[in-house]
>>> print(open('coords.pdb').read())   # PDB, C-alpha atoms
ATOM      1  CA  MET S  14      24.695 -11.068  14.732
ATOM      2  CA  LEU S  15      26.719 -10.241  17.858
ATOM      3  CA  LEU S  16      29.604  -8.948  15.726
ATOM      4  CA  VAL S  17      27.281  -6.565  13.856
ATOM      5  CA  ILE S  18      25.866  -5.200  17.115
ATOM      6  CA  LEU S  19      29.322  -4.744  18.638
ATOM      7  CA  VAL S  20      30.646  -2.932  15.557
ATOM      8  CA  ALA S  21      27.585  -0.649  15.429
ATOM      9  CA  VAL S  22      27.854   0.234  19.138
ATOM     10  CA  ALA S  23      31.604   0.820  18.801
ATOM     11  CA  ALA S  24      31.019   3.083  15.788
ATOM     12  CA  LEU S  25      28.377   5.069  17.671
ATOM     13  CA  LEU S  26      30.631   5.540  20.697
ATOM     14  CA  ALA S  27      33.559   6.484  18.452
ATOM     15  CA  GLY S  28      31.408   9.037  16.655
ATOM     16  CA  LEU S  29      30.229  10.624  19.890
ATOM     17  CA  ALA S  30      33.772  10.682  21.241
ATOM     18  CA  ALA S  31      35.053  12.272  18.033
ATOM     19  CA  ASN S  32      32.318  14.895  18.301
ATOM     20  CA  ARG S  33      33.412  15.760  21.806
ATOM     21  CA  TYR S  34      37.199  15.660  21.488
ATOM     22  CA  LEU S  35      38.191  15.882  17.788
ATOM     23  CA  ARG S  36      35.586  18.343  16.491
ATOM     24  CA  PRO S  37      37.100  21.367  18.292
ATOM     25  CA  ARG S  38      40.475  20.604  16.684
ATOM     26  CA  LEU S  39      39.187  19.896  13.189
ATOM     27  CA  LEU S  40      36.485  22.562  12.817
ATOM     28  CA  SER S  41      36.530  26.219  13.698
ATOM     29  CA  GLU S  42      32.730  26.435  13.908
ATOM     30  CA  ASP S  43      30.853  27.258  17.050
ATOM     31  CA  ASP S  44      29.791  24.279  19.187
ATOM     32  CA  ASP S  45      26.128  25.150  18.637
ATOM     33  CA  THR S  46      26.309  24.727  14.858
ATOM     34  CA  GLY S  47      26.042  21.430  13.005
ATOM     35  CA  MET S  48      23.535  19.168  11.292
ATOM     36  CA  ALA S  49      19.884  19.888  11.986
ATOM     37  CA  VAL S  50      17.265  17.204  12.535
ATOM     38  CA  LYS S  51      16.002  17.702   8.975
ATOM     39  CA  ASP S  52      19.481  16.878   7.670
ATOM     40  CA  LEU S  53      19.326  13.503   9.408
ATOM     41  CA  VAL S  54      15.795  12.645   8.260
ATOM     42  CA  GLY S  55      16.807  12.517   4.585
ATOM     43  CA  PRO S  56      19.103   9.487   4.958
ATOM     44  CA  LEU S  57      16.499   7.843   7.194
ATOM     45  CA  LEU S  58      13.844   8.227   4.485
ATOM     46  CA  THR S  59      16.235   6.807   1.906
ATOM     47  CA  LEU S  60      16.985   3.818   4.148
ATOM     48  CA  THR S  61      13.259   3.188   4.667
ATOM     49  CA  VAL S  62      12.544   3.233   0.935
ATOM     50  CA  LEU S  63      15.460   0.916   0.167
ATOM     51  CA  LEU S  64      14.393  -1.562   2.840
ATOM     52  CA  LEU S  65      10.804  -1.593   1.610
ATOM     53  CA  ALA S  66      11.935  -2.069  -1.987
ATOM     54  CA  PHE S  67      14.244  -4.951  -1.083
ATOM     55  CA  VAL S  68      11.620  -6.767   0.969
ATOM     56  CA  LEU S  69       8.986  -6.170  -1.715
ATOM     57  CA  VAL S  70      11.204  -7.863  -4.308
ATOM     58  CA  THR S  71      11.687 -10.821  -1.954
ATOM     59  CA  ALA S  72       7.953 -11.168  -1.301
ATOM     60  CA  ASN S  73       7.141 -10.858  -4.992
ATOM     61  CA  GLY S  74       9.617 -13.638  -5.770
ATOM     62  CA  SER S  75       7.836 -15.941  -3.334
ATOM     63  CA  TYR S  76       4.485 -15.065  -4.905
ATOM     64  CA  GLY S  77       5.839 -15.874  -8.362
ATOM     65  CA  LYS S  78       7.175 -19.241  -7.215
ATOM     66  CA  ALA S  79       3.785 -20.098  -5.690
ATOM     67  CA  GLU S  80       2.023 -19.284  -8.948
ATOM     68  CA  VAL S  81       4.488 -21.308 -11.031
ATOM     69  CA  ALA S  82       4.229 -24.301  -8.676
ATOM     70  CA  SER S  83       0.422 -24.200  -8.823
ATOM     71  CA  ARG S  84       0.409 -24.277 -12.608
ATOM     72  CA  GLY S  85       3.144 -26.932 -12.698
ATOM     73  CA  GLU S  86       1.190 -29.201 -10.374
ATOM     74  CA  ALA S  87      -1.925 -28.874 -12.534
ATOM     75  CA  ARG S  88       0.062 -29.678 -15.687
ATOM     76  CA  ALA S  89       1.636 -32.719 -14.030
ATOM     77  CA  LEU S  90      -1.800 -33.961 -12.970
ATOM     78  CA  ASP S  91      -3.131 -33.471 -16.483
ATOM     79  CA  GLN S  92      -0.159 -35.397 -17.870
ATOM     80  CA  LEU S  93      -0.868 -38.181 -15.400
ATOM     81  CA  VAL S  94      -4.454 -38.422 -16.627
ATOM     82  CA  GLU S  95      -3.384 -38.490 -20.276
ATOM     83  CA  THR S  96      -0.686 -41.097 -19.625
ATOM     84  CA  ALA S  97      -3.274 -43.307 -17.914
ATOM     85  CA  GLU S  98      -4.859 -43.817 -21.339
ATOM     86  CA  TYR S  99      -1.989 -46.222 -22.089
ATOM     87  CA  ALA S 100      -2.770 -48.347 -19.023
ATOM     88  CA  PRO S 101      -5.251 -51.262 -18.928
ATOM     89  CA  GLN S 102      -8.884 -50.270 -18.523
ATOM     90  CA  ALA S 103      -9.198 -51.015 -14.794
ATOM     91  CA  GLN S 104      -6.074 -49.066 -13.820
ATOM     92  CA  ARG S 105      -6.906 -46.288 -16.282
ATOM     93  CA  SER S 106     -10.304 -45.657 -14.722
ATOM     94  CA  ARG S 107      -8.903 -45.775 -11.202
ATOM     95  CA  ILE S 108      -6.073 -43.340 -11.948
ATOM     96  CA  GLN S 109      -8.350 -40.880 -13.710
ATOM     97  CA  ALA S 110     -10.931 -41.093 -10.915
ATOM     98  CA  ASP S 111      -8.204 -40.512  -8.321
ATOM     99  CA  ALA S 112      -7.004 -37.517 -10.338
ATOM    100  CA  VAL S 113     -10.490 -35.969 -10.251
ATOM    101  CA  CYS S 114     -10.716 -36.529  -6.499
ATOM    102  CA  TYR S 115      -7.192 -35.219  -5.937
ATOM    103  CA  ALA S 116      -7.965 -32.014  -7.831
ATOM    104  CA  ARG S 117     -11.190 -31.545  -5.864
ATOM    105  CA  ALA S 118      -9.399 -32.042  -2.542
ATOM    106  CA  VAL S 119      -6.689 -29.544  -3.470
ATOM    107  CA  ARG S 120      -9.136 -26.964  -4.751
ATOM    108  CA  THR S 121     -11.761 -27.135  -1.997
ATOM    109  CA  GLN S 122      -9.759 -28.152   1.078
ATOM    110  CA  GLU S 123      -6.061 -27.502   0.724
ATOM    111  CA  TRP S 124      -6.383 -24.129  -0.992
ATOM    112  CA  PRO S 125      -8.367 -22.509   1.862
ATOM    113  CA  ALA S 126      -5.986 -24.078   4.392
ATOM    114  CA  MET S 127      -3.002 -22.478   2.651
ATOM    115  CA  ALA S 128      -4.419 -19.045   3.469
ATOM    116  CA  ASP S 129      -3.157 -19.734   7.006
ATOM    117  CA  GLY S 130       0.073 -21.313   5.795
ATOM    118  CA  GLU S 131      -1.227 -24.845   6.382
ATOM    119  CA  GLY S 132      -1.810 -27.872   4.180
ATOM    120  CA  SER S 133      -4.466 -30.582   4.126
ATOM    121  CA  ALA S 134      -4.306 -34.340   4.396
ATOM    122  CA  ALA S 135      -7.193 -34.800   1.944
ATOM    123  CA  PRO S 136      -5.101 -34.760  -1.282
ATOM    124  CA  SER S 137      -2.636 -37.248   0.210
ATOM    125  CA  VAL S 138      -5.375 -39.886   0.319
ATOM    126  CA  TRP S 139      -5.515 -39.858  -3.469
ATOM    127  CA  SER S 140      -1.777 -39.534  -4.078
ATOM    128  CA  THR S 141      -1.371 -42.673  -1.976
ATOM    129  CA  ASP S 142      -4.010 -44.362  -4.090
ATOM    130  CA  PHE S 143      -2.024 -43.385  -7.187
ATOM    131  CA  ARG S 144       0.981 -45.307  -5.940
ATOM    132  CA  LEU S 145      -1.081 -48.346  -4.994
ATOM    133  CA  THR S 146      -2.403 -48.461  -8.553
ATOM    134  CA  PHE S 147       1.068 -48.006 -10.023
ATOM    135  CA  ARG S 148       2.285 -51.118  -8.231
ATOM    136  CA  THR S 149      -0.110 -53.231 -10.272
ATOM    137  CA  LEU S 150       1.419 -51.795 -13.464
ATOM    138  CA  GLU S 151       5.053 -52.513 -12.674
ATOM    139  CA  GLY S 152       6.721 -53.830 -15.799
ATOM    140  CA  LYS S 153       4.063 -52.339 -18.085
ATOM    141  CA  PRO S 154       5.068 -49.773 -20.750
ATOM    142  CA  ALA S 155       3.125 -46.959 -19.044
ATOM    143  CA  PHE S 156       4.667 -47.575 -15.619
ATOM    144  CA  GLY S 157       7.703 -45.309 -16.065
ATOM    145  CA  MET S 158       5.695 -42.453 -17.575
ATOM    146  CA  LEU S 159       3.133 -42.596 -14.780
ATOM    147  CA  ILE S 160       5.833 -42.574 -12.102
ATOM    148  CA  ALA S 161       7.554 -39.593 -13.737
ATOM    149  CA  ALA S 162       4.312 -37.608 -13.956
ATOM    150  CA  ASP S 163       3.405 -38.406 -10.362
ATOM    151  CA  ASN S 164       6.866 -37.432  -9.107
ATOM    152  CA  LYS S 165       6.513 -34.114 -10.907
ATOM    153  CA  ARG S 166       3.090 -33.588  -9.323
ATOM    154  CA  SER S 167       4.485 -34.390  -5.886
ATOM    155  CA  ASP S 168       7.429 -31.997  -6.286
ATOM    156  CA  GLU S 169       5.204 -29.150  -7.450
ATOM    157  CA  ARG S 170       2.771 -29.711  -4.588
ATOM    158  CA  GLU S 171       5.620 -29.616  -2.086
ATOM    159  CA  GLU S 172       6.850 -26.352  -3.606
ATOM    160  CA  ARG S 173       3.331 -24.910  -3.493
ATOM    161  CA  LEU S 174       2.986 -25.765   0.200
ATOM    162  CA  THR S 175       6.427 -24.326   0.911
ATOM    163  CA  GLN S 176       5.505 -21.007  -0.687
ATOM    164  CA  ALA S 177       2.231 -20.927   1.280
ATOM    165  CA  THR S 178       4.221 -20.096   4.409
ATOM    166  CA  ALA S 179       5.443 -16.528   4.863
ATOM    167  CA  SER S 180       8.896 -15.972   3.378
ATOM    168  CA  ILE S 181       9.459 -12.782   5.386
ATOM    169  CA  PRO S 182       9.789 -13.288   9.166
ATOM    170  CA  SER S 183       7.460 -11.311  11.417
ATOM    171  CA  ALA S 184      10.450  -9.629  13.053
ATOM    172  CA  ILE S 185      11.383  -8.005   9.735
ATOM    173  CA  LEU S 186       7.835  -6.753   9.187
ATOM    174  CA  TRP S 187       7.772  -5.244  12.678
ATOM    175  CA  PHE S 188      11.157  -3.655  12.032
ATOM    176  CA  LEU S 189       9.877  -2.139   8.778
ATOM    177  CA  LEU S 190       6.791  -0.852  10.564
ATOM    178  CA  ALA S 191       8.928   0.755  13.281
ATOM    179  CA  THR S 192      11.228   2.298  10.665
ATOM    180  CA  LEU S 193       8.234   3.685   8.799
ATOM    181  CA  ALA S 194       6.808   5.212  11.983
ATOM    182  CA  ILE S 195      10.132   6.802  12.977
ATOM    183  CA  THR S 196      10.585   8.210   9.478
ATOM    184  CA  VAL S 197       7.113   9.765   9.371
ATOM    185  CA  ILE S 198       7.512  11.230  12.873
ATOM    186  CA  GLY S 199      10.922  12.648  11.927
ATOM    187  CA  LEU S 200       9.494  14.245   8.797
ATOM    188  CA  GLY S 201       6.640  15.680  10.856
ATOM    189  CA  ILE S 202       9.082  17.284  13.294
ATOM    190  CA  CYS S 203      10.866  19.041  10.433
ATOM    191  CA  LEU S 204       7.709  20.651   9.021
ATOM    192  CA  PRO S 205       7.220  24.366   9.579
ATOM    193  CA  ARG S 206       4.509  25.204  12.086
ATOM    194  CA  ARG S 207       2.890  27.892   9.932
ATOM    195  CA  ASN S 208       2.014  28.155   6.252
ATOM    196  CA  ASN S 209       2.685  24.438   5.967
ATOM    197  CA  ARG S 210      -0.282  23.228   3.911
ATOM    198  CA  GLY S 211       1.876  22.038   1.007
ATOM    199  CA  GLN S 212       4.325  20.281   3.299
ATOM    200  CA  VAL S 213       1.533  18.573   5.230
ATOM    201  CA  ILE S 214      -0.065  17.314   2.023
ATOM    202  CA  THR S 215       3.294  15.995   0.870
ATOM    203  CA  LEU S 216       3.845  14.241   4.204
ATOM    204  CA  VAL S 217       0.403  12.631   3.967
ATOM    205  CA  VAL S 218       1.174  11.400   0.445
ATOM    206  CA  ILE S 219       4.569  10.011   1.511
ATOM    207  CA  THR S 220       2.982   8.283   4.497
ATOM    208  CA  ALA S 221       0.267   6.793   2.291
ATOM    209  CA  LEU S 222       2.808   5.516  -0.250
ATOM    210  CA  LEU S 223       5.057   3.947   2.386
ATOM    211  CA  THR S 224       2.077   2.390   4.150
ATOM    212  CA  THR S 225       0.675   1.026   0.886
ATOM    213  CA  THR S 226       4.040  -0.507   0.043
ATOM    214  CA  LEU S 227       4.204  -2.240   3.419
ATOM    215  CA  CYS S 228       0.623  -3.497   3.016
ATOM    216  CA  ILE S 229       1.455  -4.865  -0.442
ATOM    217  CA  ILE S 230       4.486  -6.640   1.014
ATOM    218  CA  ARG S 231       2.329  -8.208   3.712
ATOM    219  CA  ASP S 232      -0.295  -9.252   1.190
ATOM    220  CA  VAL S 233       2.049 -10.657  -1.471
ATOM    221  CA  ASP S 234       3.949 -12.581   1.199
ATOM    222  CA  ARG S 235       0.747 -14.637   1.682
ATOM    223  CA  PRO S 236       0.188 -15.762  -1.929
ATOM    224  CA  PHE S 237      -2.842 -17.895  -1.072
ATOM    225  CA  GLY S 238      -4.500 -15.759   1.577
ATOM    226  CA  GLY S 239      -4.256 -12.087   0.674
ATOM    227  CA  ILE S 240      -6.128  -9.757  -1.619
ATOM    228  CA  ILE S 241      -3.609 -10.412  -4.389
ATOM    229  CA  ASP S 242      -3.817 -14.192  -4.131
ATOM    230  CA  VAL S 243      -3.118 -17.144  -6.392
ATOM    231  CA  GLU S 244      -6.401 -18.700  -7.472
ATOM    232  CA  PRO S 245      -6.778 -22.471  -8.135
ATOM    233  CA  THR S 246      -7.661 -21.742 -11.754
ATOM    234  CA  ALA S 247      -5.154 -24.185 -13.241
ATOM    235  CA  MET S 248      -6.178 -26.955 -10.830
ATOM    236  CA  ALA S 249      -9.861 -26.363 -11.630
ATOM    237  CA  GLU S 250      -9.066 -26.751 -15.330
ATOM    238  CA  ALA S 251      -7.095 -29.942 -14.646
ATOM    239  CA  GLU S 252     -10.087 -31.247 -12.691
ATOM    240  CA  ARG S 253     -12.405 -30.442 -15.586
ATOM    241  CA  GLN S 254     -10.229 -32.266 -18.095
ATOM    242  CA  ALA S 255      -9.730 -35.250 -15.783
ATOM    243  CA  THR S 256     -13.491 -35.470 -15.284
ATOM    244  CA  ARG S 257     -14.043 -35.360 -19.023
ATOM    245  CA  ASP S 258     -11.563 -38.163 -19.648
ATOM    246  CA  PHE S 259     -13.029 -40.253 -16.831
ATOM    247  CA  LEU S 260     -16.601 -39.817 -18.033
ATOM    248  CA  ALA S 261     -15.597 -40.927 -21.522
ATOM    249  CA  HIS S 262     -15.516 -44.505 -20.168
ATOM    250  CA  SER S 263     -17.420 -44.312 -16.845
ATOM    251  CA  THR S 264     -20.236 -42.520 -15.033
ATOM    252  CA  VAL S 265     -20.272 -39.879 -12.309
ATOM    253  CA  ALA S 266     -21.663 -42.427  -9.862
ATOM    254  CA  GLU S 267     -18.434 -44.423 -10.161
ATOM    255  CA  LEU S 268     -16.292 -41.597  -8.765
ATOM    256  CA  PRO S 269     -14.950 -42.651  -5.338
ATOM    257  CA  CYS S 270     -15.309 -39.170  -3.807
ATOM    258  CA  ASP S 271     -17.773 -36.369  -3.212
ATOM    259  CA  ASP S 272     -17.579 -32.798  -4.497
ATOM    260  CA  LEU S 273     -15.084 -31.874  -1.770
ATOM    261  CA  GLY S 274     -12.681 -34.660  -2.612
ATOM    262  CA  ASN S 275     -13.527 -36.799   0.424
ATOM    263  CA  ARG S 276     -13.697 -40.556  -0.061
ATOM    264  CA  ASN S 277     -17.229 -41.885  -0.295
ATOM    265  CA  ALA S 278     -18.431 -44.054   2.536
ATOM    266  CA  VAL S 279     -18.405 -47.716   1.596
TER     267      VAL S 279
END
>>> encode(input="coords.pdb", output="structure tokens")
Amino acid sequence: MLLVILVAVAALLAGLAANRYLRPRLLSEDDDTGMAVKDLVGPLLTLTVLLLAFVLVTANGSYGKAEVASRGEARALDQLVETAEYAPQAQRSRIQADAVCYARAVRTQEWPAMADGEGSAAPSVWSTDFRLTFRTLEGKPAFGMLIAADNKRSDEREERLTQATASIPSAILWFLLATLAITVIGLGICLPRRNNRGQVITLVVITALLTTTLCIIRDVDRPFGGIIDVEPTAMAEAERQATRDFLAHSTVAELPCDDLGNRNAV
């Protein structure tokens, strides 16, 4: 960081010194001639667009990972429920009931919390209960398959929570906002003062496009809390299937949780 700053400052000073001492020797032009402000705004606009494009790709990658992790977690939970069919009846019912409650806790409690980049302790209650049940199956044929499915669920949940936090630091967003403002102001300075209707319309369109791009970056960087957000559709489907499998052998009254995934009072 310090090296970059030192090199940039040295380059700026060298450029100004060259302008003062070398320019008269290298160019025969008058000292009043040279690049106009409008000539400098072009590269600035290009830099702004490139920065926005790069950050947009980064934010979109984080959004994609969040979506993949959400679907992967739901698939792992569904596999856990299906594998439980090979367990004895008592453990099967408990695992499938815990899966229903886990899905409810994720969907109704953890999902809203992720809008602020946070998680929830509610799903962990049921993942702990999974492991307690698995201990009673050690040595059984289904033990290894259940452990593998639960490990996959745990990994995907961890990835989902990781992607819930912003991948682009606030400092970068503020820098992009400042760059956008400087670019628009620079373009405005270069507009003619009269007969400028076409140029003003173009500047408004450019400003709108740059602003929209920055807003999209901000929104996509919060995959669970923006307008373009990841919905718990896959988890809701996993909950539906887990409920169906559980009710094939039990009743709704036997579920150990309420509709929000909280453990029922004993």
>>> atom_distance(input="coords.pdb", atom1="CA of Thr246 (chain S)", atom2="CA of Thr175 (chain S)")
19.1 Å
>>> resolve_selection(input="coords.pdb", expression="the PyMOL selection byres ((chain S and resi 255) around 8)", output="number ranges by chain")
S: 91, 94, 109-110, 112-113, 251-254, 256-259
>>> residues_around(input="coords.pdb", residues="region 165-174 of chain S", least_positions_apart="5", cutoff="6 Å", atoms="all atoms listed in the file", output="list in words")
Ala79, Ala82, Glu86 and Ala89 of chain S
>>> residues_around(input="coords.pdb", residues="Ser75 (chain S)", least_positions_apart="4", cutoff="7 Å", atoms="only C-alpha atoms", output="list in words")
Thr71, Ala79, Gln176, Ser180 and Asp234 of chain S
>>> closest_residue(input="coords.pdb", among="S:Ile181, S:Phe147, S:Cys270, S:Leu19", to="Ile230 (chain S)", atoms="all atoms listed in the file")
S:Ile181
>>> closest_residue(input="coords.pdb", among="S:Ser133, S:Gln102, S:Thr178, S:Thr149", to="Ala72 (chain S)", atoms="all atoms listed in the file")
S:Thr178
>>> decode(input="coords.pdb", residues="region 69-89 of chain S", atoms="C-alpha atoms", output="CSV table (one decimal), in the first residue's frame")
chain,number,residue,atom,x,y,z
S,69,LEU,CA,-19.9,-5.8,-10.6
S,70,VAL,CA,-18.3,-9.1,-11.7
S,71,THR,CA,-17.0,-9.6,-8.2
S,72,ALA,CA,-20.4,-8.9,-6.6
S,73,ASN,CA,-22.2,-11.1,-9.1
S,74,GLY,CA,-19.8,-14.0,-8.3
S,75,SER,CA,-20.6,-13.7,-4.6
S,76,TYR,CA,-24.3,-13.7,-5.4
S,77,GLY,CA,-23.9,-16.8,-7.5
S,78,LYS,CA,-22.1,-18.6,-4.7
S,79,ALA,CA,-24.8,-17.7,-2.3
S,80,GLU,CA,-27.5,-19.2,-4.6
S,81,VAL,CA,-25.5,-22.4,-5.2
S,82,ALA,CA,-24.9,-22.8,-1.5
S,83,SER,CA,-28.6,-22.4,-0.7
S,84,ARG,CA,-29.6,-25.0,-3.2
S,85,GLY,CA,-26.8,-27.3,-2.1
S,86,GLU,CA,-27.8,-27.1,1.6
S,87,ALA,CA,-31.4,-27.9,0.7
S,88,ARG,CA,-30.3,-30.9,-1.4
S,89,ALA,CA,-28.1,-32.2,1.5
